[in-house]
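Trainee: You'll find protein.pdb just under this line, and it carries PDB, C-alpha atoms, pLDDT in the B column.
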MODEL        1
ATOM      1  CA  MET A  20    -150.885 -47.415  -7.922  1.00 87.00           C
ATOM      2  CA  ASP A  21    -154.292 -45.778  -7.460  1.00 94.00           C
ATOM      3  CA  THR A  22    -153.788 -42.494  -5.611  1.00 96.00           C
ATOM      4  CA  GLN A  23    -157.429 -41.585  -6.216  1.00 96.00           C
ATOM      5  CA  LYS A  24    -158.378 -44.458  -3.904  1.00 97.00           C
ATOM      6  CA  ILE A  25    -156.174 -42.904  -1.195  1.00 98.00           C
ATOM      7  CA  LEU A  26    -157.806 -39.499  -1.532  1.00 97.00           C
ATOM      8  CA  ASN A  27    -161.331 -40.921  -1.676  1.00 97.00           C
ATOM      9  CA  TYR A  28    -160.890 -42.898   1.510  1.00 98.00           C
ATOM     10  CA  LEU A  29    -159.370 -39.993   3.429  1.00 98.00           C
ATOM     11  CA  LYS A  30    -162.091 -37.609   2.226  1.00 97.00           C
ATOM     12  CA  ASN A  31    -164.768 -40.033   3.411  1.00 97.00           C
ATOM     13  CA  LEU A  32    -163.020 -40.470   6.758  1.00 97.00           C
ATOM     14  CA  SER A  33    -162.825 -36.698   7.169  1.00 96.00           C
ATOM     15  CA  GLU A  34    -166.586 -36.452   6.618  1.00 97.00           C
ATOM     16  CA  ASN A  35    -167.305 -39.416   8.942  1.00 97.00           C
ATOM     17  CA  ASN A  36    -164.674 -39.050  11.636  1.00 96.00           C
ATOM     18  CA  ASN A  37    -166.063 -41.546  14.135  1.00 95.00           C
ATOM     19  CA  ARG A  38    -165.212 -45.053  15.285  1.00 95.00           C
ATOM     20  CA  GLU A  39    -168.403 -46.612  13.945  1.00 97.00           C
ATOM     21  CA  TRP A  40    -167.727 -45.493  10.378  1.00 97.00           C
ATOM     22  CA  TYR A  41    -164.041 -46.364  10.597  1.00 97.00           C
ATOM     23  CA  HIS A  42    -164.674 -49.945  11.692  1.00 96.00           C
ATOM     24  CA  ALA A  43    -167.524 -50.407   9.206  1.00 98.00           C
ATOM     25  CA  HIS A  44    -165.167 -49.399   6.363  1.00 97.00           C
ATOM     26  CA  LYS A  45    -162.067 -51.328   7.399  1.00 97.00           C
ATOM     27  CA  GLN A  46    -161.779 -52.930   3.953  1.00 97.00           C
ATOM     28  CA  GLU A  47    -161.634 -49.526   2.252  1.00 97.00           C
ATOM     29  CA  TYR A  48    -158.911 -48.541   4.700  1.00 98.00           C
ATOM     30  CA  LYS A  49    -156.879 -51.638   3.889  1.00 97.00           C
ATOM     31  CA  GLU A  50    -157.163 -50.967   0.151  1.00 98.00           C
ATOM     32  CA  ALA A  51    -156.199 -47.295   0.496  1.00 98.00           C
ATOM     33  CA  ASN A  52    -153.330 -48.134   2.844  1.00 98.00           C
ATOM     34  CA  ARG A  53    -152.036 -50.733   0.400  1.00 98.00           C
ATOM     35  CA  GLU A  54    -151.964 -48.072  -2.335  1.00 98.00           C
ATOM     36  CA  PHE A  55    -150.149 -45.690   0.017  1.00 98.00           C
ATOM     37  CA  GLU A  56    -147.521 -48.319   0.814  1.00 98.00           C
ATOM     38  CA  THR A  57    -147.038 -48.870  -2.916  1.00 98.00           C
ATOM     39  CA  LEU A  58    -146.532 -45.111  -3.290  1.00 98.00           C
ATOM     40  CA  ILE A  59    -143.950 -45.122  -0.495  1.00 98.00           C
ATOM     41  CA  GLN A  60    -142.115 -48.048  -2.076  1.00 98.00           C
ATOM     42  CA  GLU A  61    -141.850 -46.137  -5.346  1.00 98.00           C
ATOM     43  CA  LEU A  62    -140.586 -43.076  -3.489  1.00 98.00           C
ATOM     44  CA  ILE A  63    -137.952 -45.180  -1.714  1.00 98.00           C
ATOM     45  CA  ALA A  64    -136.736 -46.470  -5.063  1.00 98.00           C
ATOM     46  CA  GLY A  65    -136.657 -42.979  -6.557  1.00 98.00           C
ATOM     47  CA  ILE A  66    -134.936 -41.382  -3.568  1.00 98.00           C
ATOM     48  CA  GLY A  67    -132.515 -44.279  -3.436  1.00 98.00           C
ATOM     49  CA  ALA A  68    -131.055 -43.177  -6.768  1.00 98.00           C
ATOM     50  CA  PHE A  69    -129.426 -40.213  -4.964  1.00 98.00           C
ATOM     51  CA  ASP A  70    -129.616 -41.331  -1.310  1.00 98.00           C
ATOM     52  CA  THR A  71    -128.885 -45.033  -0.892  1.00 98.00           C
ATOM     53  CA  SER A  72    -129.296 -44.819   2.896  1.00 97.00           C
ATOM     54  CA  VAL A  73    -133.083 -45.227   2.548  1.00 98.00           C
ATOM     55  CA  LEU A  74    -133.165 -48.304   0.317  1.00 98.00           C
ATOM     56  CA  HIS A  75    -133.350 -50.866   3.147  1.00 98.00           C
ATOM     57  CA  ASN A  76    -136.680 -49.526   4.409  1.00 98.00           C
ATOM     58  CA  ASP A  77    -139.975 -51.409   4.317  1.00 98.00           C
ATOM     59  CA  PRO A  78    -142.928 -49.035   3.679  1.00 98.00           C
ATOM     60  CA  LYS A  79    -144.892 -50.668   6.517  1.00 97.00           C
ATOM     61  CA  ASP A  80    -142.274 -49.404   8.982  1.00 98.00           C
ATOM     62  CA  LEU A  81    -142.430 -45.792   7.766  1.00 98.00           C
ATOM     63  CA  THR A  82    -146.102 -44.915   8.107  1.00 98.00           C
ATOM     64  CA  PHE A  83    -147.991 -43.332  10.999  1.00 97.00           C
ATOM     65  CA  LYS A  84    -151.303 -44.369  12.511  1.00 95.00           C
ATOM     66  CA  LEU A  85    -154.550 -42.558  11.775  1.00 96.00           C
ATOM     67  CA  VAL A  86    -155.567 -42.641  15.443  1.00 94.00           C
ATOM     68  CA  ARG A  87    -155.192 -39.283  17.220  1.00 90.00           C
ATOM     69  CA  ASP A  88    -154.166 -38.695  20.830  1.00 85.00           C
ATOM     70  CA  THR A  89    -157.082 -36.537  21.990  1.00 81.00           C
ATOM     71  CA  ARG A  90    -156.205 -36.364  25.709  1.00 82.00           C
ATOM     72  CA  PHE A  91    -154.977 -32.768  25.586  1.00 81.00           C
ATOM     73  CA  SER A  92    -156.890 -31.541  22.541  1.00 81.00           C
ATOM     74  CA  HIS A  93    -160.150 -29.643  22.235  1.00 83.00           C
ATOM     75  CA  ASP A  94    -160.723 -31.571  19.000  1.00 84.00           C
ATOM     76  CA  LYS A  95    -161.948 -34.991  20.107  1.00 87.00           C
ATOM     77  CA  SER A  96    -162.301 -36.507  16.613  1.00 91.00           C
ATOM     78  CA  PRO A  97    -160.600 -39.905  16.914  1.00 94.00           C
ATOM     79  CA  TYR A  98    -158.764 -39.982  13.576  1.00 95.00           C
ATOM     80  CA  ASN A  99    -156.394 -37.815  11.611  1.00 95.00           C
ATOM     81  CA  PRO A 100    -157.665 -38.130   8.000  1.00 97.00           C
ATOM     82  CA  ALA A 101    -154.176 -38.149   6.490  1.00 98.00           C
ATOM     83  CA  PHE A 102    -151.669 -40.758   5.376  1.00 98.00           C
ATOM     84  CA  ARG A 103    -148.165 -39.874   6.539  1.00 98.00           C
ATOM     85  CA  ALA A 104    -144.698 -41.363   6.181  1.00 98.00           C
ATOM     86  CA  HIS A 105    -141.098 -40.427   6.985  1.00 98.00           C
ATOM     87  CA  ILE A 106    -138.346 -41.984   4.881  1.00 98.00           C
ATOM     88  CA  SER A 107    -134.858 -41.830   6.357  1.00 98.00           C
ATOM     89  CA  ALA A 108    -131.794 -43.928   7.113  1.00 97.00           C
ATOM     90  CA  LYS A 109    -133.454 -44.971  10.395  1.00 95.00           C
ATOM     91  CA  GLY A 110    -137.023 -45.194   9.224  1.00 95.00           C
ATOM     92  CA  LYS A 111    -139.651 -42.903  10.665  1.00 95.00           C
ATOM     93  CA  LEU A 112    -137.654 -41.673  13.656  1.00 94.00           C
ATOM     94  CA  PRO A 113    -137.355 -37.853  13.594  1.00 94.00           C
ATOM     95  CA  VAL A 114    -133.542 -38.114  13.704  1.00 96.00           C
ATOM     96  CA  PRO A 115    -131.798 -38.600  11.357  1.00 96.00           C
ATOM     97  CA  VAL A 116    -133.945 -36.248   9.326  1.00 97.00           C
ATOM     98  CA  GLY A 117    -135.306 -37.497   6.030  1.00 98.00           C
ATOM     99  CA  TYR A 118    -138.123 -37.143   3.525  1.00 98.00           C
ATOM    100  CA  TYR A 119    -141.663 -36.659   4.780  1.00 98.00           C
ATOM    101  CA  LEU A 120    -144.930 -37.092   2.902  1.00 98.00           C
ATOM    102  CA  MET A 121    -148.426 -36.252   4.054  1.00 98.00           C
ATOM    103  CA  ILE A 122    -151.468 -36.873   1.881  1.00 98.00           C
ATOM    104  CA  LYS A 123    -154.523 -35.019   3.156  1.00 97.00           C
ATOM    105  CA  PRO A 124    -157.474 -34.171   0.884  1.00 96.00           C
ATOM    106  CA  GLY A 125    -158.518 -30.563   0.520  1.00 93.00           C
ATOM    107  CA  ASN A 126    -155.056 -29.548  -0.644  1.00 84.00           C
ATOM    108  CA  GLY A 127    -153.497 -30.284   2.751  1.00 94.00           C
ATOM    109  CA  SER A 128    -150.838 -32.562   1.277  1.00 97.00           C
ATOM    110  CA  PHE A 129    -147.159 -31.659   1.334  1.00 98.00           C
ATOM    111  CA  LEU A 130    -143.619 -32.936   0.935  1.00 98.00           C
ATOM    112  CA  GLY A 131    -141.394 -32.128   3.872  1.00 98.00           C
ATOM    113  CA  GLY A 132    -137.931 -32.468   5.287  1.00 98.00           C
ATOM    114  CA  GLY A 133    -135.658 -31.309   8.078  1.00 98.00           C
ATOM    115  CA  LEU A 134    -136.097 -31.357  11.838  1.00 97.00           C
ATOM    116  CA  PHE A 135    -139.775 -30.937  12.731  1.00 93.00           C
ATOM    117  CA  ALA A 136    -139.511 -31.931  16.393  1.00 86.00           C
ATOM    118  CA  ASP A 137    -138.661 -29.094  18.778  1.00 86.00           C
ATOM    119  CA  MET A 138    -139.011 -31.055  22.023  1.00 89.00           C
ATOM    120  CA  PHE A 139    -135.476 -32.475  21.813  1.00 90.00           C
ATOM    121  CA  LYS A 140    -133.411 -29.682  23.360  1.00 92.00           C
ATOM    122  CA  ASP A 141    -130.128 -31.497  22.747  1.00 94.00           C
ATOM    123  CA  ALA A 142    -130.902 -31.754  19.032  1.00 95.00           C
ATOM    124  CA  THR A 143    -131.812 -28.073  18.856  1.00 96.00           C
ATOM    125  CA  ALA A 144    -128.572 -27.090  20.586  1.00 96.00           C
ATOM    126  CA  MET A 145    -126.524 -29.282  18.250  1.00 97.00           C
ATOM    127  CA  VAL A 146    -128.026 -27.678  15.157  1.00 98.00           C
ATOM    128  CA  ARG A 147    -127.657 -24.142  16.517  1.00 97.00           C
ATOM    129  CA  ASN A 148    -124.001 -24.696  17.328  1.00 97.00           C
ATOM    130  CA  PHE A 149    -123.363 -26.260  13.934  1.00 98.00           C
ATOM    131  CA  ILE A 150    -124.954 -23.320  12.107  1.00 98.00           C
ATOM    132  CA  ALA A 151    -122.925 -20.913  14.263  1.00 97.00           C
ATOM    133  CA  GLU A 152    -119.718 -22.704  13.266  1.00 97.00           C
ATOM    134  CA  ASN A 153    -120.673 -23.457   9.650  1.00 98.00           C
ATOM    135  CA  GLY A 154    -122.763 -20.444   8.699  1.00 97.00           C
ATOM    136  CA  ARG A 155    -121.262 -19.966   5.267  1.00 97.00           C
ATOM    137  CA  GLU A 156    -122.215 -23.480   4.146  1.00 98.00           C
ATOM    138  CA  TRP A 157    -125.735 -23.017   5.563  1.00 98.00           C
ATOM    139  CA  GLU A 158    -126.096 -19.816   3.570  1.00 97.00           C
ATOM    140  CA  GLU A 159    -124.860 -21.473   0.381  1.00 98.00           C
ATOM    141  CA  ILE A 160    -127.431 -24.269   0.712  1.00 98.00           C
ATOM    142  CA  LEU A 161    -130.290 -21.855   1.315  1.00 98.00           C
ATOM    143  CA  GLN A 162    -129.237 -19.530  -1.507  1.00 97.00           C
ATOM    144  CA  ALA A 163    -128.842 -22.241  -4.159  1.00 98.00           C
ATOM    145  CA  PRO A 164    -131.216 -21.252  -7.022  1.00 98.00           C
ATOM    146  CA  ASP A 165    -133.033 -24.611  -7.137  1.00 97.00           C
ATOM    147  CA  PHE A 166    -133.570 -24.499  -3.371  1.00 98.00           C
ATOM    148  CA  GLN A 167    -134.845 -20.914  -3.380  1.00 97.00           C
ATOM    149  CA  ASN A 168    -137.282 -21.735  -6.165  1.00 97.00           C
ATOM    150  CA  VAL A 169    -139.165 -24.257  -4.051  1.00 97.00           C
ATOM    151  CA  PHE A 170    -138.338 -23.832  -0.347  1.00 98.00           C
ATOM    152  CA  THR A 171    -138.345 -21.397   2.539  1.00 97.00           C
ATOM    153  CA  VAL A 172    -136.930 -22.636   5.828  1.00 98.00           C
ATOM    154  CA  GLN A 173    -139.612 -22.724   8.511  1.00 97.00           C
ATOM    155  CA  GLY A 174    -139.543 -23.262  12.260  1.00 96.00           C
ATOM    156  CA  THR A 175    -140.716 -22.038  15.637  1.00 96.00           C
ATOM    157  CA  ALA A 176    -138.357 -19.376  16.946  1.00 95.00           C
ATOM    158  CA  LEU A 177    -137.281 -17.616  20.099  1.00 95.00           C
ATOM    159  CA  LYS A 178    -137.396 -13.827  20.328  1.00 95.00           C
ATOM    160  CA  ARG A 179    -133.626 -13.599  20.819  1.00 96.00           C
ATOM    161  CA  VAL A 180    -130.523 -15.569  19.920  1.00 96.00           C
ATOM    162  CA  PRO A 181    -129.797 -17.828  22.935  1.00 95.00           C
ATOM    163  CA  ALA A 182    -127.099 -16.779  25.385  1.00 94.00           C
ATOM    164  CA  GLY A 183    -123.644 -17.990  24.484  1.00 94.00           C
ATOM    165  CA  LEU A 184    -124.111 -17.443  20.754  1.00 95.00           C
ATOM    166  CA  ASP A 185    -123.142 -14.355  18.758  1.00 94.00           C
ATOM    167  CA  GLN A 186    -126.128 -12.008  18.711  1.00 94.00           C
ATOM    168  CA  GLU A 187    -124.737 -10.412  15.533  1.00 95.00           C
ATOM    169  CA  HIS A 188    -123.966 -13.661  13.734  1.00 96.00           C
ATOM    170  CA  PRO A 189    -124.784 -13.503   9.976  1.00 96.00           C
ATOM    171  CA  GLN A 190    -127.191 -16.428  10.521  1.00 97.00           C
ATOM    172  CA  ALA A 191    -128.662 -14.983  13.723  1.00 97.00           C
ATOM    173  CA  PRO A 192    -132.296 -15.349  12.522  1.00 97.00           C
ATOM    174  CA  TYR A 193    -131.760 -19.115  12.184  1.00 98.00           C
ATOM    175  CA  LEU A 194    -129.971 -19.378  15.535  1.00 98.00           C
ATOM    176  CA  LYS A 195    -133.264 -18.327  17.138  1.00 97.00           C
ATOM    177  CA  PHE A 196    -135.049 -21.342  15.652  1.00 97.00           C
ATOM    178  CA  LYS A 197    -136.001 -24.388  17.745  1.00 96.00           C
ATOM    179  CA  ASN A 198    -136.552 -26.525  14.647  1.00 97.00           C
ATOM    180  CA  TRP A 199    -135.693 -26.191  10.974  1.00 98.00           C
ATOM    181  CA  TYR A 200    -137.932 -27.738   8.360  1.00 98.00           C
ATOM    182  CA  LEU A 201    -139.228 -27.464   4.808  1.00 98.00           C
ATOM    183  CA  GLU A 202    -142.720 -27.885   3.359  1.00 98.00           C
ATOM    184  CA  TYR A 203    -143.630 -28.088  -0.305  1.00 98.00           C
ATOM    185  CA  PRO A 204    -147.433 -27.979  -0.780  1.00 97.00           C
ATOM    186  CA  VAL A 205    -149.059 -30.464  -3.122  1.00 97.00           C
ATOM    187  CA  SER A 206    -152.574 -30.185  -4.549  1.00 96.00           C
ATOM    188  CA  ASP A 207    -155.094 -33.017  -4.741  1.00 96.00           C
ATOM    189  CA  GLU A 208    -154.831 -32.819  -8.523  1.00 97.00           C
ATOM    190  CA  GLU A 209    -151.081 -33.424  -8.362  1.00 97.00           C
ATOM    191  CA  VAL A 210    -151.519 -36.413  -6.049  1.00 97.00           C
ATOM    192  CA  MET A 211    -154.072 -37.896  -8.461  1.00 96.00           C
ATOM    193  CA  GLU A 212    -151.439 -37.942 -11.214  1.00 96.00           C
ATOM    194  CA  GLY A 213    -149.934 -41.072  -9.676  1.00 93.00           C
ATOM    195  CA  GLU A 214    -146.637 -41.887 -11.376  1.00 95.00           C
ATOM    196  CA  LYS A 215    -146.122 -38.281 -12.452  1.00 97.00           C
ATOM    197  CA  PHE A 216    -146.599 -37.235  -8.822  1.00 98.00           C
ATOM    198  CA  VAL A 217    -143.933 -39.713  -7.709  1.00 98.00           C
ATOM    199  CA  GLN A 218    -141.474 -38.361 -10.262  1.00 98.00           C
ATOM    200  CA  ARG A 219    -142.131 -34.779  -9.152  1.00 98.00           C
ATOM    201  CA  ALA A 220    -141.812 -35.704  -5.482  1.00 98.00           C
ATOM    202  CA  VAL A 221    -138.466 -37.411  -6.075  1.00 98.00           C
ATOM    203  CA  LYS A 222    -137.127 -34.272  -7.796  1.00 98.00           C
ATOM    204  CA  ILE A 223    -138.276 -32.095  -4.892  1.00 98.00           C
ATOM    205  CA  PHE A 224    -136.663 -34.451  -2.378  1.00 98.00           C
ATOM    206  CA  GLU A 225    -133.423 -34.401  -4.342  1.00 98.00           C
ATOM    207  CA  ILE A 226    -133.316 -30.595  -4.085  1.00 98.00           C
ATOM    208  CA  MET A 227    -133.952 -31.008  -0.354  1.00 98.00           C
ATOM    209  CA  LYS A 228    -131.098 -33.460   0.208  1.00 98.00           C
ATOM    210  CA  PRO A 229    -128.243 -30.947   0.882  1.00 98.00           C
ATOM    211  CA  PHE A 230    -130.418 -29.332   3.583  1.00 98.00           C
ATOM    212  CA  ASN A 231    -131.096 -32.709   5.198  1.00 98.00           C
ATOM    213  CA  ASP A 232    -127.443 -33.717   4.913  1.00 98.00           C
ATOM    214  CA  TYR A 233    -126.355 -30.533   6.670  1.00 98.00           C
ATOM    215  CA  LEU A 234    -128.767 -31.118   9.561  1.00 98.00           C
ATOM    216  CA  ASN A 235    -127.748 -34.754   9.852  1.00 98.00           C
ATOM    217  CA  ARG A 236    -124.100 -33.758  10.125  1.00 98.00           C
ATOM    218  CA  ALA A 237    -125.131 -31.355  12.873  1.00 98.00           C
ATOM    219  CA  LEU A 238    -127.064 -34.143  14.596  1.00 97.00           C
ATOM    220  CA  ASP A 239    -124.303 -36.743  14.333  1.00 96.00           C
ATOM    221  CA  GLY A 240    -124.138 -38.534  17.687  1.00 93.00           C
ATOM    222  CA  PHE A 241    -127.613 -37.489  18.833  1.00 94.00           C
ATOM    223  CA  GLN A 242    -129.378 -40.189  20.829  1.00 91.00           C
ATOM    224  CA  MET A 243    -133.157 -40.423  20.959  1.00 85.00           C
ATOM    225  CA  PRO A 244    -134.357 -40.187  24.597  1.00 83.00           C
ATOM    226  CA  ALA A 245    -135.200 -43.540  26.168  1.00 77.00           C
ATOM    227  CA  ARG A 246    -138.918 -44.077  26.612  1.00 70.00           C
TER     228      ARG A 246
ENDMDL
END
Can you dump the structure from the file as structure tokens?

Mentor:
Amino acid sequence: MDTQKILNYLKNLSENNNREWYHAHKQEYKEANREFETLIQELIAGIGAFDTSVLHNDPKDLTFKLVRDTRFSHDKSPYNPAFRAHISAKGKLPVPVGYYLMIKPGNGSFLGGGLFADMFKDATAMVRNFIAENGREWEEILQAPDFQNVFTVQGTALKRVPAGLDQEHPQAPYLKFKNWYLEYPVSDEEVMEGEKFVQRAVKIFEIMKPFNDYLNRALDGFQMPAR
């Protein structure tokens, strides 16, 4: 697995973010993408040691396209110079939540988990209600020493706790959230370490697992909206 090849390609794409360069360097893309899929396969195997629900996945089904939707963006560059993947029991769907990886040169890489999407109001309501009813367990997960050493829960938030929920609830700050996610930043130098990077990533994802499990229990029965 040559993670340097991944970083090199993405750096070059970032500096030449146009369709002409992209199509002229399709072979470099294929080589870098093949290395990324190898990386994802190794992560699946490592995560599978503590979460067997991901073992059935094929890396090709977990990755996201480089092409950007520029219709509503001031930035009209056609490509997102990052390789991304979401590893979960149902592949790259946002629910159930799983283990997210983004490799982006310039120290933009990170390991992530939790519910990133805030457009699914039903999912948000399910998590809020679950935290309201299971606040003690939520607190225990977030206060575990290993978790506190590497994570801070992030998310977009309302100004007030929504109506119908206890405004004075011990977990009131989290009841304001519309999504609940984790990000662990990774440097280019760490990515370049290849196998050592995979081992580190697996350890970080293992610490993340109780957080993901909690959210997935909250989201049990959630149905993705029909397209």

Trainee: Of the candidates A:Asn36, A:Glu156, A:Lys111, A:Gln242, which shows the shortest atom-to-atom distance to Arg87 in chain A, using only C-alpha atoms?

Mentor: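 Answer, going by the shortest atom-to-atom distance: A:Asn36.
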
Trainee: Please identify all polymer residues within 12 Å of Ala101 in chain A, counting only C-alpha atoms, omitting same-chain residues fewer than 2 positions from it, and present them as a PyMOL selection string.

Mentor: chain A and resi 25-33+36+48+51-52+55+82-87+98-99+103-104+120-129

Trainee: Excluding same-chain residues fewer than 6 positions from Leu201 in chain A, what lies within 9 Å of it counting only C-alpha atoms, as JSON, numbers by chain?

Mentor: {"A": [130, 131, 132, 133, 134, 135, 170, 171, 172, 173, 174, 227]}

Trainee: I'd like the interatomic distance between CA of Glu158 in chain A and CA of Ala108 in chain A, to a tenth of an Å.

Mentor: 25.0 Å

Trainee: To one decimal place in Å, what is the distance between CA of Ser72 in chain A and CA of Ser107 in chain A?

Mentor: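 Atom-to-atom, CA of Ser72 in chain A and CA of Ser107 in chain A are spaced 7.2 Å apart.
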
Trainee: Report, in Å with one decimal, the straight-line distance from CA of Glu208 in chain A to CA of Lys95 in chain A.

Mentor: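 Value for the CA of Glu208 in chain A-CA of Lys95 in chain A distance: 29.6 Å.
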
Trainee: Since I can't run it myself right now, could you work out what the PyMOL selection byres ((chain A and resi 78) around 9) selects here and report it as a PDB file with C-alpha atoms, in the frame of the given file?

Mentor:
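Output saved as out.pdb:
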ATOM      1  CA  PHE A  55    -150.149 -45.690   0.017  1.00 98.00           C
ATOM      2  CA  GLU A  56    -147.521 -48.319   0.814  1.00 98.00           C
ATOM      3  CA  THR A  57    -147.038 -48.870  -2.916  1.00 98.00           C
ATOM      4  CA  LEU A  58    -146.532 -45.111  -3.290  1.00 98.00           C
ATOM      5  CA  ILE A  59    -143.950 -45.122  -0.495  1.00 98.00           C
ATOM      6  CA  GLN A  60    -142.115 -48.048  -2.076  1.00 98.00           C
ATOM      7  CA  ILE A  63    -137.952 -45.180  -1.714  1.00 98.00           C
ATOM      8  CA  ASN A  76    -136.680 -49.526   4.409  1.00 98.00           C
ATOM      9  CA  ASP A  77    -139.975 -51.409   4.317  1.00 98.00           C
ATOM     10  CA  LYS A  79    -144.892 -50.668   6.517  1.00 97.00           C
ATOM     11  CA  ASP A  80    -142.274 -49.404   8.982  1.00 98.00           C
ATOM     12  CA  LEU A  81    -142.430 -45.792   7.766  1.00 98.00           C
ATOM     13  CA  THR A  82    -146.102 -44.915   8.107  1.00 98.00           C
ATOM     14  CA  ALA A 104    -144.698 -41.363   6.181  1.00 98.00           C
ATOM     15  CA  ILE A 106    -138.346 -41.984   4.881  1.00 98.00           C
ATOM     16  CA  GLY A 110    -137.023 -45.194   9.224  1.00 95.00           C
TER      17      GLY A 110
END

Trainee: Output the residue selection produced by the PyMOL selection byres ((chain A and resi 239) around 12) on the file above, formatted as a list of chain:residue names.

Mentor: A:Val114, A:Pro115, A:Val116, A:Asp141, A:Ala142, A:Met145, A:Val146, A:Phe149, A:Asp232, A:Tyr233, A:Leu234, A:Asn235, A:Arg236, A:Ala237, A:Leu238, A:Gly240, A:Phe241, A:Gln242, A:Met243

Trainee: Given the block above, output range 64-81 of chain A with C-alpha atoms as a tab-separated table (two decimals), in the first residue's frame.

Mentor:
chain	number	residue	atom	x	y	z
A	64	ALA	CA	-10.18	-6.00	8.34
A	65	GLY	CA	-8.87	-4.08	11.34
A	66	ILE	CA	-12.26	-2.68	12.34
A	67	GLY	CA	-13.80	-6.09	11.83
A	68	ALA	CA	-11.80	-7.41	14.78
A	69	PHE	CA	-14.10	-5.42	17.11
A	70	ASP	CA	-17.08	-4.69	14.82
A	71	THR	CA	-17.95	-7.64	12.59
A	72	SER	CA	-20.87	-5.76	11.01
A	73	VAL	CA	-18.49	-4.10	8.51
A	74	LEU	CA	-16.69	-7.19	7.24
A	75	HIS	CA	-19.03	-7.85	4.28
A	76	ASN	CA	-18.19	-4.52	2.63
A	77	ASP	CA	-16.35	-4.12	-0.67
A	78	PRO	CA	-14.11	-1.00	-0.64
A	79	LYS	CA	-15.44	0.02	-4.08
A	80	ASP	CA	-18.90	0.47	-2.54
A	81	LEU	CA	-17.68	2.72	0.28
